[in-house]
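Participant: Contents of target_22.tsv (TSV, C-alpha atoms):
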```
chain	number	residue	atom	x	y	z
J	1	GLY	CA	-20.76	17.48	-3.81
J	2	LYS	CA	-20.56	13.70	-3.85
J	3	ASN	CA	-16.81	13.58	-4.51
J	4	LYS	CA	-15.80	16.67	-2.53
J	5	LEU	CA	-12.69	16.22	-0.40
J	6	ARG	CA	-12.92	17.73	3.09
J	7	TYR	CA	-9.82	18.40	5.17
J	8	VAL	CA	-9.27	18.67	8.90
J	9	ALA	CA	-7.69	22.05	9.61
J	10	ILE	CA	-3.89	21.88	10.00
J	11	GLY	CA	-4.20	23.71	13.30
J	12	LYS	CA	-6.45	20.95	14.62
J	13	VAL	CA	-4.09	18.22	13.38
J	14	ILE	CA	-1.13	19.89	15.08
J	15	GLU	CA	-3.19	20.35	18.26
J	16	GLU	CA	-3.96	16.62	18.41
J	17	ILE	CA	-0.32	15.70	17.75
J	18	ARG	CA	0.80	18.13	20.46
J	19	HIS	CA	-1.68	16.61	22.93
J	20	LEU	CA	-0.46	13.05	22.28
J	21	HIS	CA	3.17	14.14	22.36
J	22	ASP	CA	3.00	16.22	25.56
J	23	ARG	CA	0.58	14.10	27.57
J	24	TYR	CA	1.51	10.57	26.53
J	25	GLY	CA	5.04	10.97	25.23
J	26	GLN	CA	4.10	9.85	21.73
J	27	LYS	CA	6.90	10.70	19.31
J	28	TYR	CA	6.12	8.56	16.25
J	29	PHE	CA	2.96	9.00	14.20
J	30	VAL	CA	1.48	7.23	11.18
J	31	ILE	CA	-0.81	9.48	9.17
J	32	TRP	CA	-3.28	6.98	7.73
J	33	ASP	CA	-4.78	9.19	5.04
J	34	ASP	CA	-4.04	8.36	1.41
J	35	MET	CA	-4.94	11.94	0.38
J	36	PHE	CA	-2.62	13.54	2.93
J	37	ILE	CA	-0.24	15.06	0.39
J	38	ALA	CA	-2.82	15.66	-2.37
J	39	ASN	CA	-2.86	19.37	-1.56
J	40	LYS	CA	0.70	20.70	-1.82
J	41	GLY	CA	-0.12	23.91	0.02
J	42	ARG	CA	-1.62	21.97	2.90
J	43	ILE	CA	1.35	19.63	3.32
J	44	ARG	CA	3.65	22.67	3.21
J	45	ASP	CA	1.61	24.30	5.99
J	46	PHE	CA	1.79	21.06	7.99
J	47	CYS	CA	5.58	20.85	7.72
J	48	GLU	CA	6.00	24.53	8.57
J	49	ALA	CA	3.74	24.13	11.60
J	50	ILE	CA	5.90	21.25	12.89
J	51	HIS	CA	8.96	23.50	12.71
J	52	ARG	CA	7.14	26.50	14.16
J	53	GLU	CA	5.77	24.49	17.10
J	54	LYS	CA	9.17	22.86	17.61
J	55	LEU	CA	7.56	19.42	17.65
J	56	ASP	CA	10.18	16.71	18.10
J	57	ILE	CA	8.32	13.97	16.23
J	58	ARG	CA	8.85	11.40	13.49
J	59	TRP	CA	6.08	10.31	11.13
J	60	ASP	CA	5.05	8.13	8.19
J	61	CYS	CA	2.27	8.77	5.69
J	62	LEU	CA	0.36	7.25	2.80
J	63	ALA	CA	0.48	8.64	-0.74
J	64	HIS	CA	-0.72	7.90	-4.25
J	65	ALA	CA	2.24	7.62	-6.62
J	66	LYS	CA	0.91	10.44	-8.80
J	67	MET	CA	1.16	12.88	-5.86
J	68	LEU	CA	4.88	12.35	-5.27
J	69	ASP	CA	7.41	15.03	-6.20
J	70	LEU	CA	10.95	15.58	-4.94
J	71	GLU	CA	10.38	19.09	-3.59
J	72	THR	CA	7.48	18.02	-1.38
J	73	LEU	CA	9.22	14.84	-0.23
J	74	THR	CA	12.35	16.81	0.73
J	75	LEU	CA	10.19	19.24	2.71
J	76	MET	CA	8.51	16.32	4.47
J	77	LYS	CA	11.85	14.74	5.39
J	78	LYS	CA	13.05	18.00	6.98
J	79	ALA	CA	9.84	18.02	9.06
J	80	GLY	CA	10.48	14.56	10.48
J	81	CYS	CA	8.93	12.24	7.89
J	82	LYS	CA	10.69	8.87	7.80
J	83	GLU	CA	8.60	6.70	5.48
J	84	VAL	CA	6.15	7.04	2.59
J	85	GLN	CA	3.72	4.20	1.94
J	86	VAL	CA	2.48	3.77	-1.65
J	87	GLY	CA	-0.25	1.54	-3.02
J	88	MET	CA	1.28	-0.18	-6.04
J	89	GLU	CA	-1.55	-2.74	-6.08
J	90	SER	CA	-0.58	-4.43	-9.37
J	91	GLY	CA	2.38	-4.82	-11.69
J	92	SER	CA	0.11	-5.10	-14.71
J	93	ASP	CA	-0.86	-1.97	-16.66
J	94	ARG	CA	-4.05	-3.70	-17.77
J	95	VAL	CA	-5.10	-4.46	-14.19
J	96	LEU	CA	-4.14	-0.97	-12.99
J	97	LYS	CA	-6.42	0.48	-15.67
J	98	PHE	CA	-9.19	-2.02	-14.88
J	99	ILE	CA	-9.29	-1.01	-11.19
J	100	ASN	CA	-9.08	2.72	-12.04
J	101	LYS	CA	-5.79	3.14	-10.20
J	102	ASN	CA	-4.90	6.11	-12.42
J	103	THR	CA	-1.24	5.18	-12.74
J	104	THR	CA	1.07	2.93	-14.75
J	105	ARG	CA	4.10	0.72	-14.14
J	106	LYS	CA	6.33	3.44	-15.60
J	107	GLU	CA	4.90	6.14	-13.36
J	108	LEU	CA	5.16	3.91	-10.30
J	109	GLN	CA	8.85	3.34	-11.02
J	110	GLU	CA	9.54	7.02	-11.63
J	111	ARG	CA	7.60	8.41	-8.66
J	112	THR	CA	8.66	5.85	-6.06
J	113	ALA	CA	12.29	6.49	-7.04
J	114	LEU	CA	11.76	10.06	-5.79
J	115	VAL	CA	10.98	8.73	-2.31
J	116	LYS	CA	14.38	7.05	-2.19
J	117	ALA	CA	16.06	10.11	-3.70
J	118	ALA	CA	14.67	12.22	-0.84
J	119	GLY	CA	16.24	9.85	1.67
J	120	LEU	CA	12.95	8.36	2.88
J	121	ARG	CA	11.99	4.73	3.40
J	122	LEU	CA	9.56	3.29	0.87
J	123	LEU	CA	6.80	0.86	1.78
J	124	ILE	CA	4.80	-0.70	-1.05
J	125	PHE	CA	1.33	-2.27	-0.88
J	126	ALA	CA	0.52	-5.01	-3.41
J	127	ILE	CA	-2.73	-6.91	-3.97
J	128	LEU	CA	-3.46	-10.31	-5.49
J	129	GLY	CA	-6.83	-11.80	-6.45
J	130	LEU	CA	-8.22	-8.79	-8.30
J	131	PRO	CA	-11.16	-9.34	-10.66
J	132	SER	CA	-10.07	-10.54	-14.13
J	133	GLU	CA	-6.43	-10.87	-13.00
J	134	THR	CA	-4.62	-13.75	-14.67
J	135	GLU	CA	-1.92	-15.98	-13.25
J	136	ALA	CA	0.64	-14.27	-15.47
J	137	GLU	CA	-0.44	-10.88	-14.12
J	138	MET	CA	-0.10	-12.07	-10.53
J	139	PHE	CA	3.45	-13.17	-11.27
J	140	ALA	CA	4.07	-9.81	-13.00
J	141	THR	CA	2.95	-8.03	-9.84
J	142	MET	CA	5.25	-10.05	-7.61
J	143	ASP	CA	8.21	-9.64	-9.98
J	144	PHE	CA	7.58	-5.89	-10.34
J	145	ILE	CA	8.03	-5.40	-6.59
J	146	ARG	CA	11.79	-5.96	-6.79
J	147	THR	CA	12.20	-3.32	-9.49
J	148	LEU	CA	10.90	-0.60	-7.15
J	149	GLY	CA	13.55	-1.17	-4.50
J	150	ALA	CA	11.07	-0.88	-1.64
J	151	ASP	CA	12.36	-1.19	1.92
J	152	TRP	CA	9.19	-3.00	2.97
J	153	VAL	CA	6.30	-4.66	1.16
J	154	ARG	CA	2.86	-5.63	2.38
J	155	ILE	CA	0.94	-8.18	0.34
J	156	SER	CA	-2.81	-8.54	0.69
J	157	PHE	CA	-5.68	-10.29	-1.06
J	158	ILE	CA	-8.57	-8.33	-2.46
J	159	ALA	CA	-11.60	-8.26	-0.19
J	160	PRO	CA	-14.85	-6.48	-1.08
J	161	GLN	CA	-15.72	-3.96	1.63
J	162	PRO	CA	-19.42	-3.31	2.37
J	163	GLY	CA	-20.57	-0.09	0.74
J	164	SER	CA	-18.01	-0.21	-2.08
J	165	GLN	CA	-18.86	-0.65	-5.76
J	166	PHE	CA	-16.79	-3.83	-5.76
J	167	PHE	CA	-18.89	-5.27	-2.92
J	168	THR	CA	-22.11	-4.40	-4.74
J	169	GLU	CA	-20.93	-6.08	-7.93
J	170	MET	CA	-19.65	-9.19	-6.14
J	171	SER	CA	-22.88	-9.55	-4.15
J	172	LYS	CA	-24.73	-10.07	-7.43
J	173	VAL	CA	-22.72	-13.21	-8.22
J	174	ASP	CA	-21.68	-14.47	-4.79
J	175	PRO	CA	-24.36	-14.71	-2.05
J	176	ARG	CA	-21.65	-15.23	0.59
J	177	MET	CA	-20.89	-11.50	0.48
J	178	ASP	CA	-23.78	-10.77	2.86
J	179	ALA	CA	-23.00	-13.57	5.29
J	180	ASP	CA	-19.33	-14.48	5.50
J	181	PHE	CA	-17.19	-11.82	7.21
J	182	TYR	CA	-14.14	-14.01	6.58
J	183	LEU	CA	-14.28	-12.82	2.97
J	184	PHE	CA	-13.61	-9.22	4.06
J	185	ASP	CA	-10.23	-10.08	5.60
J	186	THR	CA	-7.46	-8.92	3.25
J	187	SER	CA	-4.91	-11.20	4.93
J	188	LYS	CA	-6.71	-14.40	3.88
J	189	PRO	CA	-5.15	-16.20	0.88
J	190	CYS	CA	-8.53	-17.68	-0.02
J	191	ASN	CA	-9.81	-14.37	-1.44
J	192	ASN	CA	-9.74	-15.33	-5.08
J	193	HIS	CA	-11.92	-12.98	-7.12
J	194	THR	CA	-9.97	-13.35	-10.34
J	195	GLY	CA	-12.45	-15.51	-12.21
J	196	THR	CA	-9.47	-16.84	-14.16
J	197	VAL	CA	-7.52	-19.00	-11.69
J	198	THR	CA	-8.72	-22.11	-9.84
J	199	GLU	CA	-9.03	-21.96	-6.06
J	200	LYS	CA	-6.26	-24.55	-5.64
J	201	ARG	CA	-3.84	-22.75	-7.93
J	202	PHE	CA	-4.63	-19.36	-6.41
J	203	HIS	CA	-3.99	-20.64	-2.90
J	204	GLU	CA	-0.67	-22.10	-4.05
J	205	ILE	CA	0.43	-18.75	-5.52
J	206	ALA	CA	-0.92	-16.78	-2.55
J	207	MET	CA	0.94	-18.86	0.04
J	208	ALA	CA	4.14	-18.60	-1.97
J	209	SER	CA	3.72	-14.83	-2.18
J	210	ILE	CA	3.34	-14.55	1.61
J	211	ASP	CA	6.54	-16.53	2.17
J	212	TYR	CA	8.37	-14.59	-0.55
J	213	ILE	CA	7.45	-11.19	0.91
J	214	ASP	CA	8.50	-12.35	4.36
J	215	LEU	CA	11.92	-13.26	2.97
J	216	TYR	CA	12.09	-10.00	1.01
J	217	ASN	CA	11.32	-7.88	4.08
J	218	ARG	CA	14.04	-9.67	6.03
J	219	GLY	CA	16.58	-9.21	3.23
J	220	LYS	CA	16.79	-12.97	2.72
J	221	ILE	CA	15.86	-13.25	-0.96
J	222	ALA	CA	17.91	-12.28	-4.01
J	223	ILE	CA	15.76	-13.65	-6.84
J	224	ASP	CA	12.47	-12.57	-8.32
J	225	PHE	CA	9.20	-14.27	-7.46
J	226	SER	CA	8.97	-16.31	-10.66
J	227	ALA	CA	12.31	-17.98	-9.93
J	228	TYR	CA	11.41	-18.43	-6.27
J	229	PHE	CA	8.06	-20.04	-7.11
J	230	LYS	CA	9.70	-22.48	-9.50
J	231	LYS	CA	12.31	-23.52	-6.91
J	232	ARG	CA	9.64	-23.82	-4.22
J	233	LYS	CA	7.51	-26.04	-6.40
J	234	LEU	CA	10.47	-28.28	-7.25
J	235	ARG	CA	11.30	-28.69	-3.55
J	236	LYS	CA	7.76	-29.78	-2.77
J	237	GLU	CA	7.74	-32.29	-5.61
```
In structure tokens, what does this structure look like?

Facilitator:
Amino acid sequence: GKNKLRYVAIGKVIEEIRHLHDRYGQKYFVIWDDMFIANKGRIRDFCEAIHREKLDIRWDCLAHAKMLDLETLTLMKKAGCKEVQVGMESGSDRVLKFINKNTTRKELQERTALVKAAGLRLLIFAILGLPSETEAEMFATMDFIRTLGADWVRISFIAPQPGSQFFTEMSKVDPRMDADFYLFDTSKPCNNHTGTVTEKRFHEIAMASIDYIDLYNRGKIAIDFSAYFKKRKLRKE
């Protein structure tokens, strides 16, 4: 079917890991698959295979907050997992619902806390510039980050990817979608698709968010984003 999820056999995954480990000495892996732990039986088989094959490896993986539970996370840690990376995206329940994220602020707080409880590092992904997002909601997203206690945060700016529904919808109102590849780069603070915030104001908030996250990741900031933005603005004035 159209939405059917197909998996690579665990035996094949382990075979590829074994090849990279034995031939090239690779000992750290990042499993870049946001559905990796969707099937609890499959992740259990994966962890058991690591033990059975006596693979001396460490690994990180992606996960949707809704998939996280303490039993599975504990199993993953025993099998060498070091970090779980979760897409928070927004700190606004309205925006989370609008983008069909299928989670809430409350659930994000509860489920990401399980990652820390299992003794794993937590990396959070956040996005600014989402359609219909207001300035207040962008600030809510940045302030929400601190409440999750993440070890690392990656901030990006929404970019419509060719083939996605978002790209199709944006192409109807913005002819640049078919010509300007720069608009597909999620690291560019010019990607303002909010429809609610001016380009100048968005760029100001975006640049401040990049600096704030850099300070956060280096353990150099002890205030929330709203307070940081206000102090930053006063310094520039």

Participant: Would you mind telling me which residue in J:Ile223, J:Leu148, J:Leu128, J:Ile43 lies nearest to Thr194 (chain J) when using all atoms listed in the file?

Facilitator: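 Among J:Ile223, J:Leu148, J:Leu128, J:Ile43, it is J:Leu128 that comes nearest to Thr194 (chain J).
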
Participant: Identify which of the residues J:Arg111, J:Arg18, J:Arg52, J:Arg94 lies closest to Met67 (chain J), counting all atoms listed in the file when measuring atom-to-atom distances.

Facilitator: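 That would be J:Arg111, the residue with the smallest distance to Met67 (chain J).
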
Participant: Of the candidates J:Ile50, J:Ala65, J:Leu55, J:Ala140, which one gets nearest to Gln26 (chain J) if we count only C-alpha atoms?

Facilitator: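 Between J:Ile50, J:Ala65, J:Leu55, J:Ala140, the residue approaching Gln26 (chain J) most closely is J:Leu55.
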
Participant: Could you state the separation of CA of Cys61 (chain J) and CA of Asn192 (chain J) in Å, given to one decimal place?

Facilitator: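 Interatomic distance, CA of Cys61 (chain J) to CA of Asn192 (chain J): 29.0 Å.
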
Participant: To one decimal in Å, tell me the separation between CA of Asp34 (chain J) and CA of Gly91 (chain J).

Facilitator: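 Distance between the two atoms: 19.7 Å.
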
Participant: Counting only C-alpha atoms, what is within 8 Å of Arg42 (chain J), bar same-chain residues fewer than 4 positions away, as a PyMOL selection string?

Facilitator: chain J and resi 10+37+46

Participant: Store the residues picked out above in a file with C-alpha atoms, as a PDB file, keeping the file's coordinate frame.

Facilitator:
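Saved as again00.pdb:
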```
ATOM      1  CA  ILE J  10      -3.890  21.880  10.000  1.00  0.00           C
ATOM      2  CA  ILE J  37      -0.240  15.060   0.390  1.00  0.00           C
ATOM      3  CA  PHE J  46       1.790  21.060   7.990  1.00  0.00           C
TER       4      PHE J  46
END
```

Participant: Give me region 136-161 of chain J with N, CA, C and O atoms filled in, as a PDB file, keeping the file's coordinate frame.

Facilitator:
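Output below, filename out25.pdb:
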```pdb
ATOM      1  N   ALA J 136      -0.536 -14.986 -14.964  1.00  0.00           N
ATOM      2  CA  ALA J 136       0.640 -14.270 -15.470  1.00  0.00           C
ATOM      3  C   ALA J 136       0.718 -12.865 -14.874  1.00  0.00           C
ATOM      4  O   ALA J 136       1.810 -12.367 -14.567  1.00  0.00           O
ATOM      5  N   GLU J 137      -0.425 -12.236 -14.685  1.00  0.00           N
ATOM      6  CA  GLU J 137      -0.440 -10.880 -14.120  1.00  0.00           C
ATOM      7  C   GLU J 137      -0.115 -10.893 -12.630  1.00  0.00           C
ATOM      8  O   GLU J 137       0.492  -9.943 -12.112  1.00  0.00           O
ATOM      9  N   MET J 138      -0.485 -11.948 -11.937  1.00  0.00           N
ATOM     10  CA  MET J 138      -0.100 -12.070 -10.530  1.00  0.00           C
ATOM     11  C   MET J 138       1.421 -12.208 -10.415  1.00  0.00           C
ATOM     12  O   MET J 138       2.051 -11.587  -9.558  1.00  0.00           O
ATOM     13  N   PHE J 139       1.998 -13.007 -11.269  1.00  0.00           N
ATOM     14  CA  PHE J 139       3.450 -13.170 -11.270  1.00  0.00           C
ATOM     15  C   PHE J 139       4.124 -11.845 -11.660  1.00  0.00           C
ATOM     16  O   PHE J 139       5.170 -11.491 -11.108  1.00  0.00           O
ATOM     17  N   ALA J 140       3.520 -11.115 -12.595  1.00  0.00           N
ATOM     18  CA  ALA J 140       4.070  -9.810 -13.000  1.00  0.00           C
ATOM     19  C   ALA J 140       4.073  -8.842 -11.827  1.00  0.00           C
ATOM     20  O   ALA J 140       5.035  -8.074 -11.645  1.00  0.00           O
ATOM     21  N   THR J 141       3.029  -8.889 -11.021  1.00  0.00           N
ATOM     22  CA  THR J 141       2.950  -8.030  -9.840  1.00  0.00           C
ATOM     23  C   THR J 141       4.062  -8.353  -8.857  1.00  0.00           C
ATOM     24  O   THR J 141       4.779  -7.467  -8.376  1.00  0.00           O
ATOM     25  N   MET J 142       4.232  -9.642  -8.581  1.00  0.00           N
ATOM     26  CA  MET J 142       5.250 -10.050  -7.610  1.00  0.00           C
ATOM     27  C   MET J 142       6.665  -9.749  -8.126  1.00  0.00           C
ATOM     28  O   MET J 142       7.537  -9.347  -7.361  1.00  0.00           O
ATOM     29  N   ASP J 143       6.892  -9.925  -9.412  1.00  0.00           N
ATOM     30  CA  ASP J 143       8.210  -9.640  -9.980  1.00  0.00           C
ATOM     31  C   ASP J 143       8.490  -8.135 -10.027  1.00  0.00           C
ATOM     32  O   ASP J 143       9.632  -7.688  -9.878  1.00  0.00           O
ATOM     33  N   PHE J 144       7.440  -7.355 -10.237  1.00  0.00           N
ATOM     34  CA  PHE J 144       7.580  -5.890 -10.340  1.00  0.00           C
ATOM     35  C   PHE J 144       8.046  -5.276  -9.024  1.00  0.00           C
ATOM     36  O   PHE J 144       8.731  -4.252  -9.014  1.00  0.00           O
ATOM     37  N   ILE J 145       7.679  -5.905  -7.922  1.00  0.00           N
ATOM     38  CA  ILE J 145       8.030  -5.400  -6.590  1.00  0.00           C
ATOM     39  C   ILE J 145       9.535  -5.137  -6.471  1.00  0.00           C
ATOM     40  O   ILE J 145       9.961  -4.088  -5.988  1.00  0.00           O
ATOM     41  N   ARG J 146      10.334  -6.087  -6.932  1.00  0.00           N
ATOM     42  CA  ARG J 146      11.790  -5.960  -6.790  1.00  0.00           C
ATOM     43  C   ARG J 146      12.339  -4.768  -7.573  1.00  0.00           C
ATOM     44  O   ARG J 146      13.338  -4.165  -7.174  1.00  0.00           O
ATOM     45  N   THR J 147      11.697  -4.418  -8.666  1.00  0.00           N
ATOM     46  CA  THR J 147      12.200  -3.320  -9.490  1.00  0.00           C
ATOM     47  C   THR J 147      12.028  -1.966  -8.820  1.00  0.00           C
ATOM     48  O   THR J 147      12.683  -0.994  -9.211  1.00  0.00           O
ATOM     49  N   LEU J 148      11.163  -1.872  -7.820  1.00  0.00           N
ATOM     50  CA  LEU J 148      10.900  -0.600  -7.150  1.00  0.00           C
ATOM     51  C   LEU J 148      11.868  -0.327  -6.001  1.00  0.00           C
ATOM     52  O   LEU J 148      11.955   0.796  -5.507  1.00  0.00           O
ATOM     53  N   GLY J 149      12.576  -1.358  -5.573  1.00  0.00           N
ATOM     54  CA  GLY J 149      13.550  -1.170  -4.500  1.00  0.00           C
ATOM     55  C   GLY J 149      12.952  -0.764  -3.177  1.00  0.00           C
ATOM     56  O   GLY J 149      13.574  -0.018  -2.402  1.00  0.00           O
ATOM     57  N   ALA J 150      11.748  -1.235  -2.895  1.00  0.00           N
ATOM     58  CA  ALA J 150      11.070  -0.880  -1.640  1.00  0.00           C
ATOM     59  C   ALA J 150      11.823  -1.445  -0.432  1.00  0.00           C
ATOM     60  O   ALA J 150      12.439  -2.507  -0.503  1.00  0.00           O
ATOM     61  N   ASP J 151      11.756  -0.704   0.670  1.00  0.00           N
ATOM     62  CA  ASP J 151      12.360  -1.190   1.920  1.00  0.00           C
ATOM     63  C   ASP J 151      11.466  -2.232   2.576  1.00  0.00           C
ATOM     64  O   ASP J 151      11.957  -3.139   3.240  1.00  0.00           O
ATOM     65  N   TRP J 152      10.168  -2.073   2.397  1.00  0.00           N
ATOM     66  CA  TRP J 152       9.190  -3.000   2.970  1.00  0.00           C
ATOM     67  C   TRP J 152       8.076  -3.199   1.966  1.00  0.00           C
ATOM     68  O   TRP J 152       7.764  -2.305   1.169  1.00  0.00           O
ATOM     69  N   VAL J 153       7.454  -4.361   2.019  1.00  0.00           N
ATOM     70  CA  VAL J 153       6.300  -4.660   1.160  1.00  0.00           C
ATOM     71  C   VAL J 153       5.223  -5.326   2.000  1.00  0.00           C
ATOM     72  O   VAL J 153       5.528  -6.165   2.852  1.00  0.00           O
ATOM     73  N   ARG J 154       3.984  -4.952   1.754  1.00  0.00           N
ATOM     74  CA  ARG J 154       2.860  -5.630   2.380  1.00  0.00           C
ATOM     75  C   ARG J 154       1.977  -6.212   1.279  1.00  0.00           C
ATOM     76  O   ARG J 154       1.517  -5.484   0.401  1.00  0.00           O
ATOM     77  N   ILE J 155       1.785  -7.507   1.329  1.00  0.00           N
ATOM     78  CA  ILE J 155       0.940  -8.180   0.340  1.00  0.00           C
ATOM     79  C   ILE J 155      -0.420  -8.462   0.960  1.00  0.00           C
ATOM     80  O   ILE J 155      -0.514  -8.845   2.124  1.00  0.00           O
ATOM     81  N   SER J 156      -1.467  -8.232   0.204  1.00  0.00           N
ATOM     82  CA  SER J 156      -2.810  -8.540   0.690  1.00  0.00           C
ATOM     83  C   SER J 156      -3.622  -9.148  -0.441  1.00  0.00           C
ATOM     84  O   SER J 156      -3.184  -9.191  -1.593  1.00  0.00           O
ATOM     85  N   PHE J 157      -4.815  -9.601  -0.097  1.00  0.00           N
ATOM     86  CA  PHE J 157      -5.680 -10.290  -1.060  1.00  0.00           C
ATOM     87  C   PHE J 157      -7.012  -9.557  -1.101  1.00  0.00           C
ATOM     88  O   PHE J 157      -7.607  -9.302  -0.055  1.00  0.00           O
ATOM     89  N   ILE J 158      -7.418  -9.221  -2.295  1.00  0.00           N
ATOM     90  CA  ILE J 158      -8.570  -8.330  -2.460  1.00  0.00           C
ATOM     91  C   ILE J 158      -9.795  -8.843  -1.692  1.00  0.00           C
ATOM     92  O   ILE J 158     -10.133 -10.019  -1.736  1.00  0.00           O
ATOM     93  N   ALA J 159     -10.406  -7.926  -0.976  1.00  0.00           N
ATOM     94  CA  ALA J 159     -11.600  -8.260  -0.190  1.00  0.00           C
ATOM     95  C   ALA J 159     -12.630  -7.161  -0.395  1.00  0.00           C
ATOM     96  O   ALA J 159     -12.326  -5.992  -0.152  1.00  0.00           O
ATOM     97  N   PRO J 160     -13.814  -7.495  -0.846  1.00  0.00           N
ATOM     98  CA  PRO J 160     -14.850  -6.480  -1.080  1.00  0.00           C
ATOM     99  C   PRO J 160     -15.367  -5.907   0.240  1.00  0.00           C
ATOM    100  O   PRO J 160     -15.807  -6.644   1.116  1.00  0.00           O
ATOM    101  N   GLN J 161     -15.270  -4.605   0.405  1.00  0.00           N
ATOM    102  CA  GLN J 161     -15.720  -3.960   1.630  1.00  0.00           C
ATOM    103  C   GLN J 161     -17.157  -3.458   1.470  1.00  0.00           C
ATOM    104  O   GLN J 161     -17.498  -2.821   0.460  1.00  0.00           O
TER     105      GLN J 161
END
```
